[in-house]
Every structure is written in structure tokens, then in C-alpha cells.
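Notes to accompany the following structure.
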Amino acid sequence: MKLSVKATVFTAFFVSLSLCAAGVQARDDKHLLPIKDALELGKKQEGKWHLDEDIAFYFGDQSHPAVDATLVKGVITNKKTNAANKSDEEACNFAMLSALIQLQERARSEGGNAVINIESYFKKISFKSKDQFECHAGAIMAGVALRGDVVKLKK
């Protein structure tokens, strides 16, 4: 079977393109960043990006008031944000804020007043810390996944 010159060039082009693409990998940088920076960002924001003080957040094994009732165990949130034209830290803080807002809304809808035992849960791998959260940033997106328990704390 004889290929035409046009078919041969076309085939060679796609073979070389495939070989080039095999060597290219998307950026997926892991960052451990301060939780306090994302919380402060949420207090400064207005509207849908604002963290309200009626829902408390407790990270890792951080101490908290006694639990009156556990409403939902293991609530998971996985939020992404556009990272274009942002530093990794800035994009990660917005992804974290978005994840916390989702936990806040879930706690409120379940009748809770806190989310405890919050841990990073990226690709279902647990990272527990009182001070840091895990974020993965690429050229286009940054993402934060969290897991925690919605509770009603005693006052």
C-alpha cells in the first residue's frame, strides 16, 4: 500500500505532535498556606464572599466548646477557582474561602453553629492542621478540598 505525499506529511505531523504532547504535563503545585489568611480575606469581603460569625470553624484537633449534637459527619467540599493572572497564594486563598463558604452554608442549612475537625482532603488524602490548609495550583485553576463535621456546639 502506497501513501500519497500529502497523507505521509499529515501522518508525520500527527506522530510528532503526539510525541511532543506526551512530554508536556500540567502544573499541579502543592501549597500549604496559613488558614488565618483565608479567614481574614472572608471577613473583609462583602456579599456572597463574606464569612459570617454565626458559624464557627475549628481545624484539625483544635479545641472547641462541647458538642451538643453532631448533625452531619464527613461533609466534603471541593472548590476550584480561576488562577489566571493571580499568584498561587491569592488563587488558593479564594479557593479556600469558597470551600469555607460552602461549609458555612451547609452548617446553616443543617441547623448547626459550627464545623469541627476540618481537614484538607485533596484527592481523598487527609491533611490535618490547626494552622495550614492544602491547595493545589496550576496555570489555570487552583483547588481546595475540605472535610469536616457539622455540629451544634453548647453555648
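A note on labels: chains of the C-alpha cells are A, B, ... as shown, every chain counts residues from 1, and ligands are counted from 1 in their shown order.
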
Quick one: which segment 53-109 of chain A residues come within 9 Å of segment 119-128 of chain A, and what is the nearest atom pair for each with the distance in Å to one decimal, counting only C-alpha atoms, rows ordered by chain and ascending number, as CSV?
residue,atom,partner,partner_atom,distance
A:Phe59,CA,A:Glu119,CA,6.3
A:Gly60,CA,A:Lys128,CA,4.9
A:Asp61,CA,A:Lys128,CA,7.8
A:Ile76,CA,A:Tyr121,CA,8.0
A:Thr77,CA,A:Tyr121,CA,8.7
A:Asn78,CA,A:Phe122,CA,7.9

Quick check for you: according to DSSP on this backbone, which residues of segment 23-154 of chain A are classed as strand (DSSP E)? Reply as a PyMOL selection string. chain A and resi 29-34+56-59+67-82+114-122+125-127+132-137+141-153

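Nearest-residue note for Gly111 of chain A: choosing from A:Leu33, A:Val72, A:Ala26, A:Ala99, the minimum distance belongs to A:Val72, counting only C-alpha atoms.
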
One decimal, Å: what's the distance from atom CA of Gly42 of chain A over to atom CA of Leu103 of chain A, could you say? 13.0 Å

Interatomic distance between atom CA of Lys154 of chain A and atom CA of Glu46 of chain A?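 That distance, rounded to one decimal, is 28.7 Å.
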
Selected residue, from A:Ala84, A:Leu100, A:Leu153, A:Val67, that lies nearest to His50 of chain A when counting only C-alpha atoms: A:Leu100

Counting only C-alpha atoms, the option among A:Glu105, A:Asp88, A:Ala114, A:Phe133 closest to Asp68 of chain A: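 So, comparing all the options, the nearest one is A:Ala114.
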
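You can rank A:Trp49, A:Ala69, A:Ala95, A:Leu41 by their closest distance to Ala83 of chain A using only C-alpha atoms, and at the top of that list sits A:Ala95.
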
Taken to one decimal, the atom CA of Lys73 of chain A-atom CA of Ser129 of chain A distance is 18.2 Å

Write out as an MDAnalysis selection string all residues of segment 4-119 of chain A that DSSP puts in alpha helix (DSSP H) for this structure's backbone. chainID A and resid 5:23 35:44 88:110

Could you name the residues that touch Leu51 of chain A at 8 Å or less, counting only C-alpha atoms, but leaving out those on the same chain fewer than 4 positions away, as a count of residues only? 7

Tell me which of A:Leu97, A:Ala107, A:Ile118, A:Leu32 sits closest to Ser63 of chain A, counting only C-alpha atoms.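 That would be A:Ile118, the residue with the smallest distance to Ser63 of chain A.
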
Minimum-distance residue to Lys79 of chain A, chosen among A:Ile116, A:Leu146, A:Val151, A:Ile55 (using only C-alpha atoms):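 Checking each candidate against Lys79 of chain A, we get A:Leu146 as the closest.
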